[in-house]
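Pasted below: coords18.cif, mmCIF, C-alpha atoms and all ligand atoms.
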data_protein
loop_
_atom_site.group_PDB
_atom_site.id
_atom_site.type_symbol
_atom_site.label_atom_id
_atom_site.label_comp_id
_atom_site.auth_asym_id
_atom_site.auth_seq_id
_atom_site.Cartn_x
_atom_site.Cartn_y
_atom_site.Cartn_z
ATOM 1 C CA VAL A 111 -15.019 8.235 -5.218
ATOM 2 C CA GLY A 112 -17.996 7.614 -7.482
ATOM 3 C CA VAL A 113 -17.263 6.471 -10.991
ATOM 4 C CA PHE A 114 -13.562 7.171 -10.696
ATOM 5 C CA TYR A 115 -11.363 4.212 -10.938
ATOM 6 C CA ARG A 116 -8.997 4.402 -7.977
ATOM 7 C CA PRO A 117 -5.397 3.745 -8.910
ATOM 8 C CA LEU A 118 -4.590 1.423 -6.026
ATOM 9 C CA ASP A 119 -7.502 -0.784 -7.007
ATOM 10 C CA LYS A 120 -5.747 -1.500 -10.223
ATOM 11 C CA ILE A 121 -3.493 -4.016 -8.539
ATOM 12 C CA SER A 122 -6.397 -6.074 -7.224
ATOM 13 C CA GLN A 123 -8.331 -5.601 -10.437
ATOM 14 C CA VAL A 124 -5.585 -7.221 -12.378
ATOM 15 C CA ILE A 125 -5.246 -10.016 -9.882
ATOM 16 C CA GLU A 126 -8.921 -10.608 -9.380
ATOM 17 C CA THR A 127 -9.586 -11.523 -12.979
ATOM 18 C CA TYR A 128 -6.759 -13.977 -12.975
ATOM 19 C CA PRO A 129 -7.594 -17.222 -11.159
ATOM 20 C CA LYS A 130 -11.025 -17.350 -12.773
ATOM 21 C CA GLY A 131 -9.675 -17.942 -16.257
ATOM 22 C CA ILE A 132 -6.526 -19.940 -15.758
ATOM 23 C CA ALA A 133 -6.227 -23.223 -13.960
ATOM 24 C CA GLY A 134 -2.548 -23.247 -13.097
ATOM 25 C CA PHE A 135 -0.486 -20.566 -11.472
ATOM 26 C CA ARG A 136 1.878 -18.184 -13.040
ATOM 27 C CA SER A 137 3.659 -15.858 -10.713
ATOM 28 C CA PHE A 138 2.000 -12.820 -9.303
ATOM 29 C CA LEU A 139 4.752 -10.705 -10.772
ATOM 30 C CA ALA A 140 4.473 -12.233 -14.205
ATOM 31 C CA LEU A 141 0.816 -11.392 -14.069
ATOM 32 C CA LEU A 142 1.397 -7.779 -13.190
ATOM 33 C CA ALA A 143 3.864 -7.540 -16.021
ATOM 34 C CA THR A 144 1.078 -8.368 -18.483
ATOM 35 C CA GLU A 145 -0.582 -5.000 -17.899
ATOM 36 C CA PRO A 146 -0.695 -3.316 -21.269
ATOM 37 C CA ASP A 147 -0.496 0.446 -20.588
ATOM 38 C CA ILE A 148 3.035 0.731 -19.263
ATOM 39 C CA LEU A 149 5.826 -1.102 -20.988
ATOM 40 C CA ASP A 150 9.352 -1.964 -19.943
ATOM 41 C CA ARG A 151 11.890 0.287 -21.572
ATOM 42 C CA PRO A 152 14.315 -1.571 -23.882
ATOM 43 C CA GLY A 153 17.259 -2.576 -21.718
ATOM 44 C CA ALA A 154 15.298 -2.173 -18.471
ATOM 45 C CA ILE A 155 17.097 -3.911 -15.643
ATOM 46 C CA ALA A 156 15.720 -6.539 -13.313
ATOM 47 C CA VAL A 157 16.844 -5.116 -9.981
ATOM 48 C CA GLY A 158 17.565 -7.353 -7.010
ATOM 49 C CA LYS A 159 16.318 -6.431 -3.563
ATOM 50 C CA LEU A 160 16.798 -2.698 -3.018
ATOM 51 C CA ARG A 161 17.246 -0.790 0.237
ATOM 52 C CA GLY A 162 14.261 1.446 -0.396
ATOM 53 C CA ASP A 163 15.591 5.011 -0.503
ATOM 54 C CA LEU A 164 12.786 6.898 -2.258
ATOM 55 C CA ARG A 165 12.988 10.169 -4.111
ATOM 56 C CA PHE A 166 10.331 12.070 -6.025
ATOM 57 C CA GLU A 167 12.092 14.818 -7.989
ATOM 58 C CA GLY A 168 9.960 17.515 -9.604
ATOM 59 C CA VAL A 169 7.171 15.049 -10.233
ATOM 60 C CA SER A 170 4.149 16.249 -12.181
ATOM 61 C CA PHE A 171 1.155 14.132 -13.046
ATOM 62 C CA GLY A 172 -2.513 14.550 -13.984
ATOM 63 C CA TYR A 173 -5.200 12.192 -15.252
ATOM 64 C CA THR A 174 -6.597 14.641 -17.773
ATOM 65 C CA PRO A 175 -4.727 17.277 -19.795
ATOM 66 C CA GLY A 176 -4.858 20.701 -18.182
ATOM 67 C CA ARG A 177 -5.821 19.296 -14.773
ATOM 68 C CA PRO A 178 -2.587 18.473 -12.952
ATOM 69 C CA VAL A 179 -2.896 16.607 -9.650
ATOM 70 C CA LEU A 180 0.805 16.768 -8.722
ATOM 71 C CA LYS A 181 2.916 19.737 -9.823
ATOM 72 C CA GLY A 182 6.679 19.579 -9.446
ATOM 73 C CA LEU A 183 6.511 17.532 -6.273
ATOM 74 C CA ASP A 184 9.743 16.866 -4.365
ATOM 75 C CA LEU A 185 9.822 14.260 -1.647
ATOM 76 C CA ALA A 186 12.616 12.164 -0.199
ATOM 77 C CA VAL A 187 12.117 9.236 2.150
ATOM 78 C CA ALA A 188 15.149 7.485 3.602
ATOM 79 C CA ALA A 189 15.171 3.690 3.598
ATOM 80 C CA GLY A 190 13.238 2.275 6.543
ATOM 81 C CA GLN A 191 11.378 5.484 7.371
ATOM 82 C CA THR A 192 7.614 5.733 7.779
ATOM 83 C CA ILE A 193 5.876 8.774 6.426
ATOM 84 C CA ALA A 194 2.220 9.577 6.914
ATOM 85 C CA LEU A 195 0.430 11.337 4.073
ATOM 86 C CA VAL A 196 -2.458 13.431 5.319
ATOM 87 C CA GLY A 197 -4.617 16.047 3.667
ATOM 88 C CA PRO A 198 -8.059 16.737 2.326
ATOM 89 C CA SER A 199 -9.849 14.273 0.096
ATOM 90 C CA GLY A 200 -8.807 14.660 -3.527
ATOM 91 C CA ALA A 201 -5.446 16.265 -2.714
ATOM 92 C CA GLY A 202 -3.519 13.499 -4.448
ATOM 93 C CA LYS A 203 -2.287 11.165 -1.708
ATOM 94 C CA THR A 204 -3.444 8.019 -3.516
ATOM 95 C CA THR A 205 -2.155 9.345 -6.824
ATOM 96 C CA LEU A 206 1.285 9.987 -5.330
ATOM 97 C CA CYS A 207 1.455 6.403 -4.039
ATOM 98 C CA SER A 208 0.223 4.870 -7.285
ATOM 99 C CA LEU A 209 3.112 6.402 -9.237
ATOM 100 C CA LEU A 210 5.608 4.346 -7.258
ATOM 101 C CA PRO A 211 4.583 0.895 -8.618
ATOM 102 C CA ARG A 212 4.058 2.631 -11.993
ATOM 103 C CA PHE A 213 0.322 2.189 -12.224
ATOM 104 C CA TYR A 214 0.804 5.499 -14.021
ATOM 105 C CA ASP A 215 3.943 7.200 -15.289
ATOM 106 C CA VAL A 216 5.074 10.649 -14.238
ATOM 107 C CA GLN A 217 4.608 13.349 -16.877
ATOM 108 C CA ALA A 218 7.607 15.371 -15.696
ATOM 109 C CA GLY A 219 10.402 14.757 -13.219
ATOM 110 C CA ARG A 220 11.359 11.324 -11.986
ATOM 111 C CA ILE A 221 11.025 8.859 -9.161
ATOM 112 C CA THR A 222 14.049 6.919 -8.015
ATOM 113 C CA ILE A 223 14.619 4.040 -5.631
ATOM 114 C CA ASP A 224 18.204 3.831 -4.362
ATOM 115 C CA GLY A 225 19.071 6.371 -7.052
ATOM 116 C CA ILE A 226 17.693 4.285 -9.934
ATOM 117 C CA ASP A 227 14.899 5.770 -12.036
ATOM 118 C CA ILE A 228 11.949 3.388 -11.690
ATOM 119 C CA ARG A 229 11.442 3.540 -15.476
ATOM 120 C CA ASP A 230 14.861 1.931 -15.892
ATOM 121 C CA MET A 231 13.731 -1.136 -13.917
ATOM 122 C CA THR A 232 11.576 -3.933 -15.269
ATOM 123 C CA GLN A 233 8.061 -3.552 -13.916
ATOM 124 C CA ALA A 234 8.158 -7.019 -12.402
ATOM 125 C CA SER A 235 11.327 -6.261 -10.433
ATOM 126 C CA LEU A 236 10.011 -2.813 -9.430
ATOM 127 C CA ARG A 237 6.727 -4.196 -8.153
ATOM 128 C CA GLY A 238 8.575 -6.959 -6.363
ATOM 129 C CA GLN A 239 10.021 -4.200 -4.128
ATOM 130 C CA ILE A 240 6.579 -2.974 -3.064
ATOM 131 C CA GLY A 241 3.834 -4.400 -0.864
ATOM 132 C CA ILE A 242 0.407 -2.772 -0.807
ATOM 133 C CA VAL A 243 -2.166 -3.134 1.950
ATOM 134 C CA GLN A 244 -5.578 -1.697 1.279
ATOM 135 C CA GLN A 245 -9.081 -2.233 2.493
ATOM 136 C CA ASP A 246 -10.102 -4.760 -0.143
ATOM 137 C CA VAL A 247 -8.253 -8.023 0.104
ATOM 138 C CA PHE A 248 -8.210 -10.340 -2.838
ATOM 139 C CA LEU A 249 -8.929 -13.961 -1.862
ATOM 140 C CA PHE A 250 -9.539 -16.874 -4.142
ATOM 141 C CA ALA A 251 -11.314 -20.186 -3.625
ATOM 142 C CA GLY A 252 -8.601 -22.508 -2.384
ATOM 143 C CA THR A 253 -6.789 -23.406 0.796
ATOM 144 C CA PHE A 254 -5.455 -21.037 3.399
ATOM 145 C CA ARG A 255 -1.984 -22.197 2.422
ATOM 146 C CA ALA A 256 -2.443 -21.291 -1.249
ATOM 147 C CA ASN A 257 -3.902 -17.928 -0.324
ATOM 148 C CA ILE A 258 -0.915 -17.034 1.830
ATOM 149 C CA ALA A 259 1.606 -18.488 -0.609
ATOM 150 C CA TYR A 260 0.198 -16.161 -3.244
ATOM 151 C CA GLY A 261 2.630 -13.650 -1.742
ATOM 152 C CA ARG A 262 5.541 -15.819 -2.897
ATOM 153 C CA LEU A 263 4.736 -18.802 -5.022
ATOM 154 C CA GLY A 264 6.810 -21.829 -4.142
ATOM 155 C CA ALA A 265 7.428 -20.724 -0.540
ATOM 156 C CA SER A 266 8.221 -23.511 1.925
ATOM 157 C CA GLU A 267 5.746 -24.687 4.561
ATOM 158 C CA ALA A 268 7.994 -23.288 7.296
ATOM 159 C CA ASP A 269 8.066 -19.854 5.646
ATOM 160 C CA ILE A 270 4.280 -19.845 5.206
ATOM 161 C CA LEU A 271 3.772 -20.728 8.871
ATOM 162 C CA GLU A 272 6.243 -18.058 9.937
ATOM 163 C CA ALA A 273 4.453 -15.408 7.861
ATOM 164 C CA ALA A 274 1.114 -16.527 9.342
ATOM 165 C CA ARG A 275 2.564 -16.271 12.841
ATOM 166 C CA ARG A 276 3.903 -12.776 12.244
ATOM 167 C CA ALA A 277 0.515 -11.699 10.919
ATOM 168 C CA ARG A 278 -1.113 -13.313 14.023
ATOM 169 C CA LEU A 279 -3.017 -15.678 11.821
ATOM 170 C CA ASP A 280 -1.671 -18.804 13.527
ATOM 171 C CA ALA A 281 -4.404 -18.983 16.176
ATOM 172 C CA VAL A 282 -7.049 -18.740 13.463
ATOM 173 C CA ILE A 283 -5.440 -21.526 11.465
ATOM 174 C CA GLU A 284 -5.033 -23.786 14.514
ATOM 175 C CA ALA A 285 -8.722 -23.443 15.296
ATOM 176 C CA LEU A 286 -9.699 -24.664 11.821
ATOM 177 C CA PRO A 287 -10.496 -28.333 11.191
ATOM 178 C CA GLN A 288 -7.871 -28.841 8.487
ATOM 179 C CA GLY A 289 -5.468 -26.110 9.509
ATOM 180 C CA LEU A 290 -3.668 -24.666 6.504
ATOM 181 C CA ASP A 291 -5.530 -27.104 4.242
ATOM 182 C CA THR A 292 -8.900 -25.622 5.130
ATOM 183 C CA LEU A 293 -10.702 -24.256 2.108
ATOM 184 C CA ILE A 294 -11.752 -20.648 2.113
ATOM 185 C CA GLY A 295 -14.236 -18.965 -0.153
ATOM 186 C CA GLU A 296 -17.709 -19.950 -1.280
ATOM 187 C CA ARG A 297 -17.375 -23.659 -0.552
ATOM 188 C CA GLY A 298 -15.180 -23.264 2.502
ATOM 189 C CA VAL A 299 -15.001 -21.068 5.565
ATOM 190 C CA LYS A 300 -15.847 -17.408 5.346
ATOM 191 C CA LEU A 301 -13.252 -15.051 6.775
ATOM 192 C CA SER A 302 -14.023 -11.960 8.809
ATOM 193 C CA GLY A 303 -12.739 -8.568 7.671
ATOM 194 C CA GLY A 304 -9.957 -8.710 10.253
ATOM 195 C CA GLN A 305 -8.890 -12.207 9.175
ATOM 196 C CA LYS A 306 -8.730 -11.107 5.548
ATOM 197 C CA GLN A 307 -6.525 -8.180 6.524
ATOM 198 C CA ARG A 308 -4.226 -10.568 8.383
ATOM 199 C CA LEU A 309 -4.009 -12.790 5.358
ATOM 200 C CA ALA A 310 -2.955 -9.807 3.253
ATOM 201 C CA ILE A 311 -0.332 -8.962 5.884
ATOM 202 C CA ALA A 312 0.950 -12.564 5.929
ATOM 203 C CA ARG A 313 1.415 -12.467 2.150
ATOM 204 C CA ILE A 314 3.617 -9.410 2.445
ATOM 205 C CA PHE A 315 5.655 -10.846 5.328
ATOM 206 C CA LEU A 316 6.261 -13.842 3.089
ATOM 207 C CA ARG A 317 7.332 -11.719 0.139
ATOM 208 C CA ASN A 318 9.340 -9.332 2.350
ATOM 209 C CA PRO A 319 9.557 -6.272 0.074
ATOM 210 C CA PRO A 320 11.603 -3.245 1.222
ATOM 211 C CA ILE A 321 8.786 -0.778 0.484
ATOM 212 C CA LEU A 322 5.262 -0.736 1.824
ATOM 213 C CA ILE A 323 2.209 1.318 0.879
ATOM 214 C CA LEU A 324 -0.617 1.306 3.421
ATOM 215 C CA ASP A 325 -3.942 2.734 2.414
ATOM 216 C CA GLU A 326 -5.498 3.029 5.843
ATOM 217 C CA ALA A 327 -9.113 2.046 6.149
ATOM 218 C CA THR A 328 -11.546 4.743 7.162
ATOM 219 C CA SER A 329 -14.062 2.287 8.574
ATOM 220 C CA ALA A 330 -15.076 -1.370 8.069
ATOM 221 C CA LEU A 331 -13.445 -2.977 11.124
ATOM 222 C CA ASP A 332 -14.598 -2.693 14.735
ATOM 223 C CA SER A 333 -12.200 -0.785 16.958
ATOM 224 C CA GLU A 334 -10.794 -3.809 18.796
ATOM 225 C CA THR A 335 -9.986 -5.648 15.549
ATOM 226 C CA GLU A 336 -8.642 -2.399 14.153
ATOM 227 C CA ARG A 337 -6.234 -2.017 17.072
ATOM 228 C CA ALA A 338 -5.028 -5.580 16.704
ATOM 229 C CA ILE A 339 -4.450 -5.111 12.975
ATOM 230 C CA GLN A 340 -2.643 -1.830 13.604
ATOM 231 C CA HIS A 341 -0.213 -3.744 15.733
ATOM 232 C CA SER A 342 0.569 -6.222 12.945
ATOM 233 C CA LEU A 343 0.842 -3.394 10.446
ATOM 234 C CA SER A 344 3.408 -1.555 12.517
ATOM 235 C CA GLU A 345 5.444 -4.753 12.751
ATOM 236 C CA LEU A 346 5.129 -5.109 8.983
ATOM 237 C CA ALA A 347 6.303 -1.516 8.508
ATOM 238 C CA ALA A 348 9.336 -1.924 10.782
ATOM 239 C CA GLY A 349 12.504 -1.830 8.697
ATOM 240 C CA ARG A 350 10.616 -1.022 5.478
ATOM 241 C CA THR A 351 10.198 2.318 3.755
ATOM 242 C CA THR A 352 6.526 2.943 4.373
ATOM 243 C CA LEU A 353 4.080 5.412 2.875
ATOM 244 C CA VAL A 354 0.801 5.493 4.786
ATOM 245 C CA ILE A 355 -2.287 7.255 3.494
ATOM 246 C CA ALA A 356 -3.215 8.023 7.054
ATOM 247 C CA HIS A 357 -6.620 8.408 8.605
ATOM 248 C CA ARG A 358 -5.713 7.694 12.230
ATOM 249 C CA LEU A 359 -4.145 9.865 14.845
ATOM 250 C CA ALA A 360 -2.038 6.996 16.228
ATOM 251 C CA THR A 361 -0.524 6.485 12.776
ATOM 252 C CA VAL A 362 0.452 10.107 12.244
ATOM 253 C CA ARG A 363 1.879 10.344 15.753
ATOM 254 C CA ASN A 364 4.083 7.306 15.237
ATOM 255 C CA ALA A 365 5.261 8.267 11.761
ATOM 256 C CA ASP A 366 8.830 9.531 11.367
ATOM 257 C CA ARG A 367 7.421 12.386 9.342
ATOM 258 C CA ILE A 368 4.027 13.717 8.386
ATOM 259 C CA ILE A 369 3.527 15.126 4.903
ATOM 260 C CA VAL A 370 0.535 17.408 4.478
ATOM 261 C CA VAL A 371 -0.660 17.147 0.880
ATOM 262 C CA THR A 372 -3.082 19.742 -0.465
ATOM 263 C CA THR A 373 -4.187 20.488 -4.022
ATOM 264 C CA GLU A 374 -1.375 23.075 -4.036
ATOM 265 C CA GLY A 375 1.257 20.425 -3.319
ATOM 266 C CA ILE A 376 3.109 19.590 -0.115
ATOM 267 C CA ALA A 377 1.994 22.285 2.319
ATOM 268 C CA GLU A 378 4.037 21.204 5.325
ATOM 269 C CA GLN A 379 6.139 18.392 6.668
ATOM 270 C CA GLY A 380 7.461 17.493 10.089
ATOM 271 C CA SER A 381 6.614 15.530 13.213
ATOM 272 C CA HIS A 382 3.217 15.694 14.901
ATOM 273 C CA HIS A 383 4.535 18.035 17.593
ATOM 274 C CA GLU A 384 6.469 20.257 15.211
ATOM 275 C CA LEU A 385 3.465 20.679 12.961
ATOM 276 C CA LEU A 386 1.061 21.342 15.817
ATOM 277 C CA ALA A 387 3.439 23.973 17.181
ATOM 278 C CA ALA A 388 3.650 25.583 13.732
ATOM 279 C CA GLY A 389 -0.113 26.108 13.804
ATOM 280 C CA GLY A 390 -0.545 25.777 10.028
ATOM 281 C CA ALA A 391 -2.348 23.407 7.670
ATOM 282 C CA TYR A 392 -1.722 20.380 9.883
ATOM 283 C CA GLY A 393 -3.069 22.214 12.915
ATOM 284 C CA ARG A 394 -6.318 22.916 11.086
ATOM 285 C CA LEU A 395 -6.561 19.411 9.709
ATOM 286 C CA HIS A 396 -5.803 17.958 13.112
ATOM 287 C CA ALA A 397 -8.547 20.024 14.719
ATOM 288 C CA ALA A 398 -11.044 18.881 12.096
ATOM 289 C CA GLN A 399 -10.055 15.264 11.681
ATOM 290 C CA PHE A 400 -8.181 14.048 14.723
ATOM 291 C CA ALA A 401 -9.032 16.201 17.726
ATOM 292 C CA PRO A 402 -12.342 14.375 18.423
ATOM 293 C CA GLU A 403 -10.372 11.091 18.445
ATOM 294 C CA GLU A 404 -7.871 12.599 20.877
ATOM 295 C CA ALA A 405 -10.607 13.844 23.196
ATOM 296 C CA ALA A 406 -12.047 10.334 23.341
ATOM 297 C CA VAL A 407 -8.761 8.715 24.464
HETATM 298 P P1 LIG B 1 -8.772 10.594 -0.639
HETATM 299 O O1 LIG B 1 -8.280 11.028 0.707
HETATM 300 O O2 LIG B 1 -10.225 10.904 -0.858
HETATM 301 O O3 LIG B 1 -8.421 9.198 -0.990
HETATM 302 P P2 LIG B 1 -6.540 11.568 -2.235
HETATM 303 O O4 LIG B 1 -5.790 12.656 -1.571
HETATM 304 O O5 LIG B 1 -5.981 10.198 -2.172
HETATM 305 O O6 LIG B 1 -8.050 11.568 -1.734
HETATM 306 P P3 LIG B 1 -6.561 11.149 -5.077
HETATM 307 O O7 LIG B 1 -7.448 9.963 -4.997
HETATM 308 O O8 LIG B 1 -5.147 10.934 -5.377
HETATM 309 O O9 LIG B 1 -6.699 12.034 -3.762
HETATM 310 O O10 LIG B 1 -7.203 12.124 -6.159
HETATM 311 C C1 LIG B 1 -6.563 13.331 -6.607
HETATM 312 C C2 LIG B 1 -7.370 13.929 -7.730
HETATM 313 O O11 LIG B 1 -7.308 13.103 -8.883
HETATM 314 C C3 LIG B 1 -8.854 14.096 -7.428
HETATM 315 O O12 LIG B 1 -9.282 15.297 -8.014
HETATM 316 C C4 LIG B 1 -9.493 12.897 -8.075
HETATM 317 O O13 LIG B 1 -10.823 13.180 -8.451
HETATM 318 C C5 LIG B 1 -8.604 12.699 -9.288
HETATM 319 N N1 LIG B 1 -8.532 11.290 -9.714
HETATM 320 C C6 LIG B 1 -8.147 10.237 -8.939
HETATM 321 N N2 LIG B 1 -8.140 9.096 -9.653
HETATM 322 C C7 LIG B 1 -8.510 9.426 -10.922
HETATM 323 C C8 LIG B 1 -8.688 8.713 -12.150
HETATM 324 N N3 LIG B 1 -8.442 7.393 -12.212
HETATM 325 N N4 LIG B 1 -9.085 9.392 -13.241
HETATM 326 C C9 LIG B 1 -9.309 10.719 -13.194
HETATM 327 N N5 LIG B 1 -9.155 11.467 -12.071
HETATM 328 C C10 LIG B 1 -8.762 10.845 -10.963
#
Please, can you express the file's structure as structure tokens?
Amino acid sequence: VGVFYRPLDKISQVIETYPKGIAGFRSFLALLATEPDILDRPGAIAVGKLRGDLRFEGVSFGYTPGRPVLKGLDLAVAAGQTIALVGPSGAGKTTLCSLLPRFYDVQAGRITIDGIDIRDMTQASLRGQIGIVQQDVFLFAGTFRANIAYGRLGASEADILEAARRARLDAVIEALPQGLDTLIGERGVKLSGGQKQRLAIARIFLRNPPILILDEATSALDSETERAIQHSLSELAAGRTTLVIAHRLATVRNADRIIVVTTEGIAEQGSHHELLAAGGAYGRLHAAQFAPEEAAV
């Protein structure tokens, strides 16, 4: 990745600078709305909870003039479906996902959710529809409770506990001296990579958005922790429209549809078996990336 600033990091970048400077809390969404580059259109509507029918229609986008990353991309994902995005590094999988919360705006075409152009929604209400799980989890010095409640400020104790349970964080919390009141961070307990991931998952359960973006880790966790987290992630994805930037065979196999993204655009789409039978781009990618994993099972 080098010096490039990855689009999905933008969300944590914005958040990370926040608790340092300001003592009280404003809402997570209010914070995101303070981003300067993309503004709400006059008359933008604050949408309520959407179903999560996604459509990319002729979407083009590039970071630098004359170097398009996405060219006239068409993609439809029905509400509740899980699609796995696979393809070579640099093909544009992360870029495609980062257009959905409007970290960047399309340069041609449009993206709609439930038929509404995302530029016609307020950014706060748009981003309220989307949960993002990525490798880096933002934590702040404070209690476990506050860190989970960051997903939905003002959530009740019962809702926080329920989100923790669904993320399988309850056993961790029970084992701590002050339970939910235990401090985490520099002056409190240090969390393992797996526990941090669970905390991120709990936040999203609490917020309950209809759309999920999962940027699958390529490494970092040991395989047992990884399997346990995968389990929580598939529960999190159930009933939500989910885009996974997939690096694991199990993920692509379980997806409703696999989208093979190359620098030329979407090369193929279908189920694991359909695409293997077709013997095209997915077949080659599978042989290179996933076949060793399959042989080891
Ligand atoms: P990977 O599997 O490595 O994450 P990817 O398929 O997600 O790759 P993107 O990260 O979307 O690919 O990158 C697509 C192209 O856009 C690449 O050529 C990349 O170098 C470029 N790119 C990504 N982010 C930026 C940025 N912030 N500024 C300029 N170019 C960028």
Would you translate the PyMOL selection byres (((chain A and resi 254) around 9) and not hetatm) into the concrete set of residues it matches in this file, as a PyMOL selection string? chain A and resi 252-253+255-259+283+289-294+309
For the interface of chain A with ligand LIG 1 (chain B) (cut-off 9 Å, counting only C-alpha atoms and all ligand atoms), please tabulate each contacting residue of chain A alongside its nearest pair of atoms and their separation in Å to one decimal, rows sorted by chain and increasing number, as JSON lines.
{"residue": "A:Val111", "atom": "CA", "partner": "B:LIG1", "partner_atom": "O2", "distance": 7.0}
{"residue": "A:Val113", "atom": "CA", "partner": "B:LIG1", "partner_atom": "C8", "distance": 8.9}
{"residue": "A:Phe114", "atom": "CA", "partner": "B:LIG1", "partner_atom": "C8", "distance": 5.3}
{"residue": "A:Tyr115", "atom": "CA", "partner": "B:LIG1", "partner_atom": "N3", "distance": 4.5}
{"residue": "A:Arg116", "atom": "CA", "partner": "B:LIG1", "partner_atom": "N2", "distance": 5.1}
{"residue": "A:Pro117", "atom": "CA", "partner": "B:LIG1", "partner_atom": "N3", "distance": 5.8}
{"residue": "A:Gly172", "atom": "CA", "partner": "B:LIG1", "partner_atom": "O11", "distance": 7.1}
{"residue": "A:Tyr173", "atom": "CA", "partner": "B:LIG1", "partner_atom": "C9", "distance": 4.8}
{"residue": "A:Thr174", "atom": "CA", "partner": "B:LIG1", "partner_atom": "C9", "distance": 6.6}
{"residue": "A:Arg177", "atom": "CA", "partner": "B:LIG1", "partner_atom": "O12", "distance": 8.6}
{"residue": "A:Pro178", "atom": "CA", "partner": "B:LIG1", "partner_atom": "O11", "distance": 8.2}
{"residue": "A:Val179", "atom": "CA", "partner": "B:LIG1", "partner_atom": "C2", "distance": 5.6}
{"residue": "A:Leu180", "atom": "CA", "partner": "B:LIG1", "partner_atom": "C1", "distance": 8.4}
{"residue": "A:Leu195", "atom": "CA", "partner": "B:LIG1", "partner_atom": "O4", "distance": 8.5}
{"residue": "A:Val196", "atom": "CA", "partner": "B:LIG1", "partner_atom": "O4", "distance": 7.7}
{"residue": "A:Gly197", "atom": "CA", "partner": "B:LIG1", "partner_atom": "O4", "distance": 6.3}
{"residue": "A:Pro198", "atom": "CA", "partner": "B:LIG1", "partner_atom": "O1", "distance": 5.9}
{"residue": "A:Ser199", "atom": "CA", "partner": "B:LIG1", "partner_atom": "O2", "distance": 3.5}
{"residue": "A:Gly200", "atom": "CA", "partner": "B:LIG1", "partner_atom": "O9", "distance": 3.4}
{"residue": "A:Ala201", "atom": "CA", "partner": "B:LIG1", "partner_atom": "O4", "distance": 3.8}
{"residue": "A:Gly202", "atom": "CA", "partner": "B:LIG1", "partner_atom": "O8", "distance": 3.2}
{"residue": "A:Lys203", "atom": "CA", "partner": "B:LIG1", "partner_atom": "O4", "distance": 3.8}
{"residue": "A:Thr204", "atom": "CA", "partner": "B:LIG1", "partner_atom": "O5", "distance": 3.6}
{"residue": "A:Thr205", "atom": "CA", "partner": "B:LIG1", "partner_atom": "O8", "distance": 3.7}
{"residue": "A:Leu206", "atom": "CA", "partner": "B:LIG1", "partner_atom": "O8", "distance": 6.5}
{"residue": "A:Cys207", "atom": "CA", "partner": "B:LIG1", "partner_atom": "O8", "distance": 8.1}
{"residue": "A:Ser208", "atom": "CA", "partner": "B:LIG1", "partner_atom": "O8", "distance": 8.3}
{"residue": "A:Asp325", "atom": "CA", "partner": "B:LIG1", "partner_atom": "O3", "distance": 8.6}
{"residue": "A:Ile355", "atom": "CA", "partner": "B:LIG1", "partner_atom": "O5", "distance": 7.4}
{"residue": "A:Ala356", "atom": "CA", "partner": "B:LIG1", "partner_atom": "O1", "distance": 8.7}
{"residue": "A:His357", "atom": "CA", "partner": "B:LIG1", "partner_atom": "O1", "distance": 8.5}
{"residue": "A:Val371", "atom": "CA", "partner": "B:LIG1", "partner_atom": "O4", "distance": 7.2}
{"residue": "A:Thr372", "atom": "CA", "partner": "B:LIG1", "partner_atom": "O4", "distance": 7.7}
{"residue": "A:Thr373", "atom": "CA", "partner": "B:LIG1", "partner_atom": "C1", "distance": 8.0}
- To verify the selection step, state as a PyMOL selection string which residues the PyMOL selection byres (((chain A and resi 228) around 10) and not hetatm) yields on this input. chain A and resi 154-155+157+209-212+215+220-227+229-233+235-237
Using C-alpha atoms, can you write the selected residues to a file as an mmCIF file, in the frame of the given file?
data_model
loop_
_atom_site.group_PDB
_atom_site.id
_atom_site.type_symbol
_atom_site.label_atom_id
_atom_site.label_comp_id
_atom_site.auth_asym_id
_atom_site.auth_seq_id
_atom_site.Cartn_x
_atom_site.Cartn_y
_atom_site.Cartn_z
ATOM 1 C CA ALA A 154 15.298 -2.173 -18.471
ATOM 2 C CA ILE A 155 17.097 -3.911 -15.643
ATOM 3 C CA VAL A 157 16.844 -5.116 -9.981
ATOM 4 C CA LEU A 209 3.112 6.402 -9.237
ATOM 5 C CA LEU A 210 5.608 4.346 -7.258
ATOM 6 C CA PRO A 211 4.583 0.895 -8.618
ATOM 7 C CA ARG A 212 4.058 2.631 -11.993
ATOM 8 C CA ASP A 215 3.943 7.200 -15.289
ATOM 9 C CA ARG A 220 11.359 11.324 -11.986
ATOM 10 C CA ILE A 221 11.025 8.859 -9.161
ATOM 11 C CA THR A 222 14.049 6.919 -8.015
ATOM 12 C CA ILE A 223 14.619 4.040 -5.631
ATOM 13 C CA ASP A 224 18.204 3.831 -4.362
ATOM 14 C CA GLY A 225 19.071 6.371 -7.052
ATOM 15 C CA ILE A 226 17.693 4.285 -9.934
ATOM 16 C CA ASP A 227 14.899 5.770 -12.036
ATOM 17 C CA ARG A 229 11.442 3.540 -15.476
ATOM 18 C CA ASP A 230 14.861 1.931 -15.892
ATOM 19 C CA MET A 231 13.731 -1.136 -13.917
ATOM 20 C CA THR A 232 11.576 -3.933 -15.269
ATOM 21 C CA GLN A 233 8.061 -3.552 -13.916
ATOM 22 C CA SER A 235 11.327 -6.261 -10.433
ATOM 23 C CA LEU A 236 10.011 -2.813 -9.430
ATOM 24 C CA ARG A 237 6.727 -4.196 -8.153
#
Could you work out how far CA of Val370 (chain A) lies from CA of Arg394 (chain A), giving the answer in Å with one decimal?
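The value is 11.0 Å.
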- For the atom pair CA of His396 (chain A) and CA of Ile311 (chain A), what is the interatomic distance in Å to one decimal place?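 Value for the CA of His396 (chain A)-CA of Ile311 (chain A) distance: 28.4 Å.
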